[in-house]
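This is model_30.cif. It holds mmCIF, C-alpha atoms.
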data_entry
#
loop_
_atom_site.group_PDB
_atom_site.id
_atom_site.type_symbol
_atom_site.label_atom_id
_atom_site.label_comp_id
_atom_site.auth_asym_id
_atom_site.auth_seq_id
_atom_site.Cartn_x
_atom_site.Cartn_y
_atom_site.Cartn_z
ATOM 1 C CA GLU A 33 170.638 12.288 -86.696
ATOM 2 C CA SER A 34 172.302 10.143 -84.054
ATOM 3 C CA LEU A 35 175.718 10.395 -82.434
ATOM 4 C CA PRO A 36 177.903 7.781 -80.767
ATOM 5 C CA PRO A 37 179.476 8.976 -77.502
ATOM 6 C CA ASP A 38 182.467 11.303 -77.803
ATOM 7 C CA SER A 39 182.279 11.467 -81.576
ATOM 8 C CA ASP A 40 182.342 14.299 -84.061
ATOM 9 C CA ASP A 41 179.125 15.463 -85.715
ATOM 10 C CA GLN A 42 177.868 13.049 -88.334
ATOM 11 C CA THR A 43 174.935 13.165 -90.695
ATOM 12 C CA PHE A 44 173.326 9.907 -91.754
ATOM 13 C CA ASN A 45 171.300 9.548 -94.924
ATOM 14 C CA PHE A 46 169.531 6.375 -95.974
ATOM 15 C CA ALA A 47 167.922 5.736 -99.351
ATOM 16 C CA ALA A 48 165.999 2.573 -100.177
ATOM 17 C CA ALA A 49 165.540 0.749 -103.472
ATOM 18 C CA PRO A 50 163.138 -2.161 -104.063
ATOM 19 C CA LYS A 51 164.923 -5.427 -103.339
ATOM 20 C CA ARG A 52 163.537 -7.109 -106.439
ATOM 21 C CA VAL A 53 165.120 -4.394 -108.631
ATOM 22 C CA ILE A 54 168.506 -4.897 -106.987
ATOM 23 C CA ALA A 55 168.184 -8.672 -107.073
ATOM 24 C CA ASN A 56 167.487 -8.720 -110.811
ATOM 25 C CA THR A 57 170.796 -6.968 -111.460
ATOM 26 C CA THR A 58 172.981 -8.702 -108.879
ATOM 27 C CA HIS A 59 171.874 -12.334 -108.927
ATOM 28 C CA PRO A 60 173.165 -13.178 -112.439
ATOM 29 C CA ILE A 61 176.625 -11.901 -111.498
ATOM 30 C CA ASP A 62 176.523 -13.588 -108.108
ATOM 31 C CA ASP A 63 175.524 -16.912 -109.670
ATOM 32 C CA VAL A 64 178.634 -16.859 -111.889
ATOM 33 C CA PHE A 65 181.300 -15.267 -109.695
ATOM 34 C CA PHE A 66 179.958 -15.376 -106.100
ATOM 35 C CA LEU A 67 180.944 -11.733 -105.824
ATOM 36 C CA ILE A 68 177.736 -9.937 -104.850
ATOM 37 C CA PRO A 69 175.886 -10.953 -101.669
ATOM 38 C CA GLU A 70 172.161 -10.908 -101.037
ATOM 39 C CA VAL A 71 171.087 -7.303 -100.440
ATOM 40 C CA ALA A 72 169.334 -7.030 -97.091
ATOM 41 C CA PRO A 73 170.697 -3.956 -95.316
ATOM 42 C CA GLU A 74 168.263 -3.711 -92.403
ATOM 43 C CA GLY A 75 169.096 -6.971 -90.652
ATOM 44 C CA TYR A 76 172.862 -6.553 -91.002
ATOM 45 C CA ALA A 77 172.639 -3.054 -89.600
ATOM 46 C CA GLN A 78 170.604 -4.289 -86.624
ATOM 47 C CA GLU A 79 173.578 -6.328 -85.466
ATOM 48 C CA SER A 80 174.876 -3.143 -83.833
ATOM 49 C CA LEU A 81 171.834 -3.026 -81.518
ATOM 50 C CA PHE A 82 172.986 -6.097 -79.602
ATOM 51 C CA GLU A 83 176.011 -4.304 -78.183
ATOM 52 C CA LEU A 84 174.270 -0.951 -77.853
ATOM 53 C CA LEU A 85 171.266 -2.317 -75.948
ATOM 54 C CA HIS A 86 172.918 -5.339 -74.259
ATOM 55 C CA LEU A 87 170.200 -7.548 -75.693
ATOM 56 C CA ALA A 88 171.290 -11.162 -75.395
ATOM 57 C CA GLN A 89 173.978 -13.682 -74.636
ATOM 58 C CA SER A 90 175.894 -15.036 -77.585
ATOM 59 C CA GLU A 91 174.284 -18.491 -77.565
ATOM 60 C CA LYS A 92 170.727 -17.157 -77.859
ATOM 61 C CA THR A 93 168.680 -17.173 -81.061
ATOM 62 C CA ILE A 94 166.818 -13.854 -81.237
ATOM 63 C CA ALA A 95 164.337 -12.510 -83.788
ATOM 64 C CA PHE A 96 163.493 -8.907 -84.644
ATOM 65 C CA LEU A 97 160.022 -8.275 -86.046
ATOM 66 C CA ASN A 98 159.806 -4.892 -87.777
ATOM 67 C CA PHE A 99 156.068 -4.312 -88.162
ATOM 68 C CA GLY A 100 155.968 -1.438 -90.638
ATOM 69 C CA ARG A 101 153.384 0.374 -92.736
ATOM 70 C CA SER A 102 153.339 -1.908 -95.776
ATOM 71 C CA THR A 103 155.799 -4.702 -94.945
ATOM 72 C CA THR A 104 157.032 -6.723 -91.995
ATOM 73 C CA VAL A 105 160.709 -7.652 -91.878
ATOM 74 C CA ILE A 106 161.740 -10.762 -89.953
ATOM 75 C CA SER A 107 165.403 -10.882 -88.933
ATOM 76 C CA VAL A 108 166.843 -13.823 -86.989
ATOM 77 C CA PHE A 109 170.179 -13.582 -85.177
ATOM 78 C CA GLN A 110 172.544 -16.144 -83.685
ATOM 79 C CA ASN A 111 175.652 -15.154 -81.776
ATOM 80 C CA LYS A 112 174.549 -11.574 -82.437
ATOM 81 C CA LYS A 113 174.923 -12.066 -86.218
ATOM 82 C CA LEU A 114 172.166 -12.126 -88.815
ATOM 83 C CA VAL A 115 171.531 -15.640 -90.144
ATOM 84 C CA PHE A 116 168.079 -15.296 -91.730
ATOM 85 C CA GLU A 117 165.897 -12.481 -93.074
ATOM 86 C CA ARG A 118 162.555 -12.434 -94.840
ATOM 87 C CA ASP A 119 160.021 -9.781 -95.851
ATOM 88 C CA ILE A 120 156.274 -10.263 -95.450
ATOM 89 C CA PRO A 121 154.152 -8.026 -97.739
ATOM 90 C CA LEU A 122 151.701 -7.185 -94.966
ATOM 91 C CA GLY A 123 151.778 -4.225 -92.614
ATOM 92 C CA GLY A 124 149.732 -1.793 -90.604
ATOM 93 C CA GLN A 125 147.999 -0.276 -93.620
ATOM 94 C CA ASP A 126 146.480 -3.660 -94.459
ATOM 95 C CA LEU A 127 144.785 -3.769 -91.072
ATOM 96 C CA THR A 128 143.460 -0.239 -91.607
ATOM 97 C CA ARG A 129 142.086 -1.063 -95.055
ATOM 98 C CA SER A 130 140.383 -4.167 -93.710
ATOM 99 C CA ILE A 131 138.625 -2.061 -91.099
ATOM 100 C CA MET A 132 137.620 0.470 -93.752
ATOM 101 C CA ILE A 133 136.155 -2.212 -96.027
ATOM 102 C CA MET A 134 134.341 -4.141 -93.304
ATOM 103 C CA LEU A 135 133.587 -1.197 -91.029
ATOM 104 C CA PRO A 136 130.259 -1.788 -89.263
ATOM 105 C CA LYS A 137 127.790 0.994 -89.989
ATOM 106 C CA ASP A 138 126.806 1.235 -86.347
ATOM 107 C CA ILE A 139 130.335 2.307 -85.408
ATOM 108 C CA THR A 140 130.860 5.190 -87.826
ATOM 109 C CA PRO A 141 128.966 6.592 -90.849
ATOM 110 C CA ARG A 142 130.101 5.617 -94.340
ATOM 111 C CA SER A 143 131.838 8.579 -95.940
ATOM 112 C CA SER A 144 134.962 9.673 -97.810
ATOM 113 C CA SER A 145 136.764 9.908 -94.482
ATOM 114 C CA ASP A 146 136.420 6.181 -93.806
ATOM 115 C CA LEU A 147 140.170 5.565 -94.080
ATOM 116 C CA GLU A 148 140.914 8.179 -91.437
ATOM 117 C CA ALA A 149 138.160 6.790 -89.230
ATOM 118 C CA ALA A 150 139.466 3.249 -89.741
ATOM 119 C CA GLU A 151 142.999 4.295 -88.764
ATOM 120 C CA LYS A 152 141.646 5.908 -85.598
ATOM 121 C CA LEU A 153 139.645 2.804 -84.727
ATOM 122 C CA LYS A 154 142.696 0.621 -85.295
ATOM 123 C CA LYS A 155 144.810 2.724 -82.942
ATOM 124 C CA GLU A 156 142.080 2.647 -80.298
ATOM 125 C CA SER A 157 141.506 -1.104 -80.594
ATOM 126 C CA TYR A 158 143.380 -3.819 -78.753
ATOM 127 C CA LEU A 159 144.071 -7.452 -79.505
ATOM 128 C CA PRO A 160 142.279 -10.171 -77.529
ATOM 129 C CA VAL A 161 144.516 -12.038 -75.120
ATOM 130 C CA ALA A 162 143.300 -15.128 -73.311
ATOM 131 C CA LYS A 163 143.397 -14.920 -69.532
ATOM 132 C CA GLY A 164 142.327 -17.923 -67.503
ATOM 133 C CA GLY A 165 140.501 -19.434 -70.445
ATOM 134 C CA GLU A 166 138.495 -16.253 -71.092
ATOM 135 C CA ILE A 167 138.958 -13.726 -73.894
ATOM 136 C CA SER A 168 139.206 -10.473 -71.981
ATOM 137 C CA SER A 169 138.161 -8.269 -74.922
ATOM 138 C CA ASP A 170 134.857 -10.103 -75.492
ATOM 139 C CA LYS A 171 133.291 -7.817 -72.914
ATOM 140 C CA ASP A 172 133.943 -4.824 -75.128
ATOM 141 C CA LEU A 173 131.509 -5.205 -78.023
ATOM 142 C CA LYS A 174 132.842 -2.259 -80.035
ATOM 143 C CA ASN A 175 136.432 -3.473 -79.841
ATOM 144 C CA GLN A 176 135.343 -6.984 -80.760
ATOM 145 C CA LYS A 177 133.629 -5.682 -83.910
ATOM 146 C CA VAL A 178 136.737 -3.750 -84.930
ATOM 147 C CA PHE A 179 138.958 -6.749 -84.257
ATOM 148 C CA GLN A 180 136.714 -8.947 -86.418
ATOM 149 C CA CYS A 181 137.263 -6.528 -89.332
ATOM 150 C CA PHE A 182 141.009 -7.228 -89.516
ATOM 151 C CA GLU A 183 141.132 -10.652 -87.865
ATOM 152 C CA GLY A 184 141.557 -12.385 -91.250
ATOM 153 C CA VAL A 185 144.468 -10.192 -92.332
ATOM 154 C CA LEU A 186 146.074 -10.511 -88.914
ATOM 155 C CA GLY A 187 145.714 -14.287 -89.160
ATOM 156 C CA ALA A 188 147.440 -14.314 -92.572
ATOM 157 C CA TRP A 189 150.217 -12.109 -91.150
ATOM 158 C CA LEU A 190 150.648 -14.454 -88.210
ATOM 159 C CA GLN A 191 150.688 -17.488 -90.502
ATOM 160 C CA ASP A 192 153.462 -15.966 -92.640
ATOM 161 C CA ILE A 193 155.539 -15.375 -89.517
ATOM 162 C CA LEU A 194 155.051 -18.982 -88.417
ATOM 163 C CA LEU A 195 155.978 -20.289 -91.872
ATOM 164 C CA SER A 196 159.103 -18.123 -91.893
ATOM 165 C CA PHE A 197 160.177 -19.397 -88.471
ATOM 166 C CA ASN A 198 159.509 -23.000 -89.526
ATOM 167 C CA TYR A 199 161.547 -22.510 -92.711
ATOM 168 C CA PHE A 200 164.396 -21.100 -90.652
ATOM 169 C CA SER A 201 164.343 -24.061 -88.248
ATOM 170 C CA GLU A 202 164.143 -26.675 -91.027
ATOM 171 C CA HIS A 203 166.746 -25.258 -93.414
ATOM 172 C CA HIS A 204 169.267 -23.731 -91.049
ATOM 173 C CA GLY A 205 169.462 -26.543 -88.531
ATOM 174 C CA ALA A 206 169.321 -23.983 -85.797
ATOM 175 C CA SER A 207 168.009 -23.892 -82.271
ATOM 176 C CA GLU A 208 164.530 -22.630 -81.507
ATOM 177 C CA ILE A 209 163.968 -18.890 -81.393
ATOM 178 C CA SER A 210 164.036 -17.922 -77.728
ATOM 179 C CA LYS A 211 162.766 -14.351 -77.945
ATOM 180 C CA ILE A 212 161.165 -11.832 -80.308
ATOM 181 C CA TYR A 213 161.735 -8.080 -80.186
ATOM 182 C CA LEU A 214 159.081 -5.894 -81.794
ATOM 183 C CA ILE A 215 160.132 -2.717 -83.610
ATOM 184 C CA GLY A 216 158.385 -0.359 -86.021
ATOM 185 C CA GLY A 217 155.189 1.662 -85.706
ATOM 186 C CA GLY A 218 153.019 -1.467 -85.752
ATOM 187 C CA ALA A 219 154.435 -2.427 -82.364
ATOM 188 C CA ASN A 220 152.213 0.279 -80.860
ATOM 189 C CA HIS A 221 149.128 -1.873 -81.364
ATOM 190 C CA LYS A 222 147.749 -2.583 -77.907
ATOM 191 C CA ASN A 223 148.376 -6.082 -76.527
ATOM 192 C CA LEU A 224 150.457 -7.072 -79.581
ATOM 193 C CA PRO A 225 153.418 -8.467 -77.545
ATOM 194 C CA ASP A 226 151.081 -10.576 -75.376
ATOM 195 C CA TYR A 227 149.081 -11.664 -78.432
ATOM 196 C CA LEU A 228 152.207 -12.856 -80.270
ATOM 197 C CA SER A 229 153.553 -14.558 -77.141
ATOM 198 C CA GLN A 230 150.254 -16.406 -76.886
ATOM 199 C CA GLU A 231 149.956 -17.371 -80.561
ATOM 200 C CA LEU A 232 153.623 -18.101 -81.375
ATOM 201 C CA LYS A 233 154.534 -19.578 -77.994
ATOM 202 C CA ILE A 234 157.640 -17.390 -78.032
ATOM 203 C CA LYS A 235 158.297 -14.645 -75.512
ATOM 204 C CA THR A 236 157.698 -11.313 -77.276
ATOM 205 C CA GLU A 237 158.332 -7.781 -76.091
ATOM 206 C CA ILE A 238 158.742 -4.304 -77.537
ATOM 207 C CA LEU A 239 162.356 -3.225 -77.978
ATOM 208 C CA THR A 240 163.207 -0.499 -75.477
ATOM 209 C CA LEU A 241 166.171 1.733 -74.820
ATOM 210 C CA PRO A 242 167.650 0.791 -71.415
ATOM 211 C CA ALA A 243 168.970 3.471 -69.137
ATOM 212 C CA SER A 244 172.400 1.826 -69.280
ATOM 213 C CA ALA A 245 172.653 2.370 -73.060
ATOM 214 C CA LYS A 246 174.907 5.305 -73.891
ATOM 215 C CA LEU A 247 173.132 7.297 -76.561
ATOM 216 C CA ASN A 248 173.713 11.012 -77.100
ATOM 217 C CA LEU A 249 171.108 12.912 -79.071
ATOM 218 C CA LYS A 250 171.679 16.195 -80.843
ATOM 219 C CA ASN A 251 169.050 18.651 -82.069
ATOM 220 C CA SER A 252 166.322 16.317 -80.869
ATOM 221 C CA LEU A 253 162.973 18.094 -80.696
ATOM 222 C CA ASP A 254 161.609 15.658 -78.140
ATOM 223 C CA GLU A 255 164.151 13.432 -76.427
ATOM 224 C CA LYS A 256 161.556 11.993 -74.048
ATOM 225 C CA ARG A 257 159.376 10.870 -76.959
ATOM 226 C CA PHE A 258 162.409 9.339 -78.652
ATOM 227 C CA ARG A 259 163.227 7.257 -75.607
ATOM 228 C CA ASN A 260 159.616 6.250 -74.933
ATOM 229 C CA GLN A 261 159.080 5.214 -78.558
ATOM 230 C CA PHE A 262 162.561 3.950 -79.296
ATOM 231 C CA HIS A 263 161.167 0.924 -81.151
ATOM 232 C CA GLU A 264 159.960 3.255 -83.921
ATOM 233 C CA TYR A 265 163.488 4.601 -84.466
ATOM 234 C CA ALA A 266 165.422 1.373 -83.864
ATOM 235 C CA ALA A 267 166.126 0.648 -87.561
ATOM 236 C CA ALA A 268 167.457 4.185 -88.128
ATOM 237 C CA VAL A 269 169.592 4.013 -84.977
ATOM 238 C CA ALA A 270 171.018 0.673 -86.108
ATOM 239 C CA LEU A 271 172.088 2.201 -89.429
ATOM 240 C CA ALA A 272 173.522 5.260 -87.715
ATOM 241 C CA PHE A 273 175.675 3.275 -85.304
ATOM 242 C CA GLN A 274 177.567 1.235 -87.852
ATOM 243 C CA PRO A 275 181.337 1.736 -87.407
ATOM 244 C CA ASN A 276 183.205 3.733 -90.023
ATOM 245 C CA GLY A 277 184.089 1.544 -92.984
ATOM 246 C CA TYR A 278 181.574 -1.121 -92.037
ATOM 247 C CA ALA A 279 179.701 -2.538 -95.049
ATOM 248 C CA ASN A 280 175.998 -2.727 -94.182
ATOM 249 C CA LEU A 281 175.301 -4.844 -97.259
ATOM 250 C CA THR A 282 177.942 -7.475 -96.602
ATOM 251 C CA PRO A 283 176.798 -10.652 -94.787
ATOM 252 C CA ILE A 284 179.116 -12.165 -92.193
ATOM 253 C CA GLU A 285 179.981 -15.124 -94.453
ATOM 254 C CA PHE A 286 181.284 -12.683 -97.087
ATOM 255 C CA ARG A 287 183.455 -10.794 -94.615
ATOM 256 C CA THR A 288 185.776 -13.779 -94.256
ATOM 257 C CA SER A 289 186.667 -15.710 -97.400
ATOM 258 C CA HIS A 290 187.386 -19.426 -97.617
ATOM 259 C CA LEU A 291 190.118 -20.826 -99.887
ATOM 260 C CA GLU A 292 187.639 -22.991 -101.781
ATOM 261 C CA ARG A 293 185.409 -19.998 -102.510
ATOM 262 C CA ILE A 294 188.375 -17.849 -103.532
ATOM 263 C CA GLY A 295 189.584 -20.649 -105.821
ATOM 264 C CA ILE A 296 186.210 -20.846 -107.599
ATOM 265 C CA ILE A 297 186.159 -17.079 -108.093
ATOM 266 C CA VAL A 298 189.727 -17.003 -109.441
ATOM 267 C CA PHE A 299 189.081 -19.993 -111.729
ATOM 268 C CA ARG A 300 185.980 -18.440 -113.269
ATOM 269 C CA LEU A 301 187.614 -15.061 -113.692
ATOM 270 C CA MET A 302 190.645 -16.653 -115.350
ATOM 271 C CA THR A 303 188.333 -18.640 -117.640
ATOM 272 C CA VAL A 304 186.630 -15.460 -118.808
ATOM 273 C CA LEU A 305 189.971 -13.702 -119.318
ATOM 274 C CA LEU A 306 191.383 -16.655 -121.312
ATOM 275 C CA CYS A 307 188.267 -16.717 -123.506
ATOM 276 C CA VAL A 308 188.641 -13.010 -124.200
ATOM 277 C CA LEU A 309 192.365 -13.481 -124.924
ATOM 278 C CA PHE A 310 191.659 -16.416 -127.278
ATOM 279 C CA VAL A 311 189.002 -14.489 -129.223
ATOM 280 C CA THR A 312 191.328 -11.485 -129.510
ATOM 281 C CA TRP A 313 194.225 -13.710 -130.639
ATOM 282 C CA PHE A 314 192.003 -15.489 -133.189
ATOM 283 C CA ILE A 315 190.759 -12.196 -134.649
ATOM 284 C CA PHE A 316 194.329 -10.853 -134.818
ATOM 285 C CA LEU A 317 195.594 -13.957 -136.683
ATOM 286 C CA HIS A 318 192.644 -13.869 -139.028
#

Please re-express this file's structure in structure tokens.
Amino acid sequence: ESLPPDSDDQTFNFAAAPKRVIANTTHPIDDVFFLIPEVAPEGYAQESLFELLHLAQSEKTIAFLNFGRSTTVISVFQNKKLVFERDIPLGGQDLTRSIMIMLPKDITPRSSSDLEAAEKLKKESYLPVAKGGEISSDKDLKNQKVFQCFEGVLGAWLQDILLSFNYFSEHHGASEISKIYLIGGGANHKNLPDYLSQELKIKTEILTLPASAKLNLKNSLDEKRFRNQFHEYAAAVALAFQPNGYANLTPIEFRTSHLERIGIIVFRLMTVLLCVLFVTWFIFLH
């Protein structure tokens, strides 16, 4: 539960449905009438964070990387509006499973609790970051062994991010991404911002809640934890701070209609109505 300043009590509920299920029902209608936009609620909701957190100037191209449990959501913004979004089917649990499968026997015994042990090892591990030509984590043999367990999955994850950014640059004719903000529980992985900055050559940092941001919390069990780990709650806060009447599922290009687009919609609707009228008239005459 989150409250904008000087507002009445509000309760926010969010339910998710698989995108592929929604897409299968909406795309056929959208293809004919251009009436239903692509369903991608998270990125559109995150637009509110730019004003709330004073994130960037309007000319910047910013990316949010939501590193979740089973998926990673890439959202790219220009002029504080979402212009590109893509899901990667890799998340924190994939790193944990890789550790469990390839867990060296000299680190922990093989047992039914391997998954729990792997999760603990993942949280304790840190990513290698080059400093002065040296890999600082090479000195820690145990950490290096753990890192080698999920290095392949992490490499595939990183490659998908690079491919997504390249696709965005090639197909949207946009400027280079100037900064990446990390959100989600996966952002807690030690050295992840520095690792991504090093590998992607894009400045990366964990999204934080600045002291200047006006955010009132009600019935919060641990306000200090909320502020210290704001990146874990950022997606929920973004949804909560949408203005009344704002359509989370409506992309910016659908909020303002162009005459050409309206004409196509009207023409196709009139065609359908005339066909129905003709069939009805034909049946009546018959």

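Note that CA of Glu255 in chain A and CA of Leu81 in chain A are 18.9 Å apart.
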
Under the rule that all atoms listed in the file are counted, which of A:Lys222, A:His86, A:Lys112, A:Arg259 is the nearest residue to Lys155 in chain A?
A:Lys222

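Here CA of Arg129 in chain A and CA of Leu147 in chain A stand 7.0 Å from one another.
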
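Interatomic distance, CA of Ile212 in chain A to CA of Phe96 in chain A: 5.7 Å.
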
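Between Leu239 in chain A and the residues A:Val308, A:Leu190, A:Ala95, A:Ala77, the shortest atom-to-atom distance, using only C-alpha atoms, involves A:Ala95.
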
Among the residues A:Gln110, A:Ser244, A:Gln78, A:Asn198, the one that comes closest to Leu97 in chain A [using all atoms listed in the file]
A:Gln78

Ground truth for the PyMOL selection byres ((chain A and resi 102) around 12), written as a PDB file with C-alpha atoms, keeping the file's coordinate frame:
ATOM      1  CA  ASN A  98     159.806  -4.892 -87.777  1.00  0.00           C
ATOM      2  CA  PHE A  99     156.068  -4.312 -88.162  1.00  0.00           C
ATOM      3  CA  GLY A 100     155.968  -1.438 -90.638  1.00  0.00           C
ATOM      4  CA  ARG A 101     153.384   0.374 -92.736  1.00  0.00           C
ATOM      5  CA  THR A 103     155.799  -4.702 -94.945  1.00  0.00           C
ATOM      6  CA  THR A 104     157.032  -6.723 -91.995  1.00  0.00           C
ATOM      7  CA  VAL A 105     160.709  -7.652 -91.878  1.00  0.00           C
ATOM      8  CA  ASP A 119     160.021  -9.781 -95.851  1.00  0.00           C
ATOM      9  CA  ILE A 120     156.274 -10.263 -95.450  1.00  0.00           C
ATOM     10  CA  PRO A 121     154.152  -8.026 -97.739  1.00  0.00           C
ATOM     11  CA  LEU A 122     151.701  -7.185 -94.966  1.00  0.00           C
ATOM     12  CA  GLY A 123     151.778  -4.225 -92.614  1.00  0.00           C
ATOM     13  CA  GLY A 124     149.732  -1.793 -90.604  1.00  0.00           C
ATOM     14  CA  GLN A 125     147.999  -0.276 -93.620  1.00  0.00           C
ATOM     15  CA  ASP A 126     146.480  -3.660 -94.459  1.00  0.00           C
ATOM     16  CA  LEU A 127     144.785  -3.769 -91.072  1.00  0.00           C
ATOM     17  CA  THR A 128     143.460  -0.239 -91.607  1.00  0.00           C
ATOM     18  CA  ARG A 129     142.086  -1.063 -95.055  1.00  0.00           C
ATOM     19  CA  TRP A 189     150.217 -12.109 -91.150  1.00  0.00           C
ATOM     20  CA  GLY A 216     158.385  -0.359 -86.021  1.00  0.00           C
ATOM     21  CA  GLY A 217     155.189   1.662 -85.706  1.00  0.00           C
ATOM     22  CA  GLY A 218     153.019  -1.467 -85.752  1.00  0.00           C
TER      23      GLY A 218
END

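With distances restricted to all atoms listed in the file, A:Ala219 is the closest residue to Glu237 in chain A from A:Ala272, A:Ile294, A:Ala219, A:Met134.
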
Got a sec to resolve the PyMOL selection byres ((chain A and resi 227-231) around 10) on this structure and send the residues as a ChimeraX atom specification?
/A:158-162,190-191,194,211-212,214,222-226,232-237

Which one of A:Arg300, A:Ile131, A:Ser210, A:Ile215 sits closest to Asn175 in chain A if you count all atoms listed in the file?
A:Ile131

Care to translate the PyMOL selection byres ((chain A and resi 260) around 12) into actual residues of this file, as JSON, numbers by chain?
{"A": [220, 238, 239, 240, 241, 242, 243, 254, 255, 256, 257, 258, 259, 261, 262, 263, 264, 265, 266]}
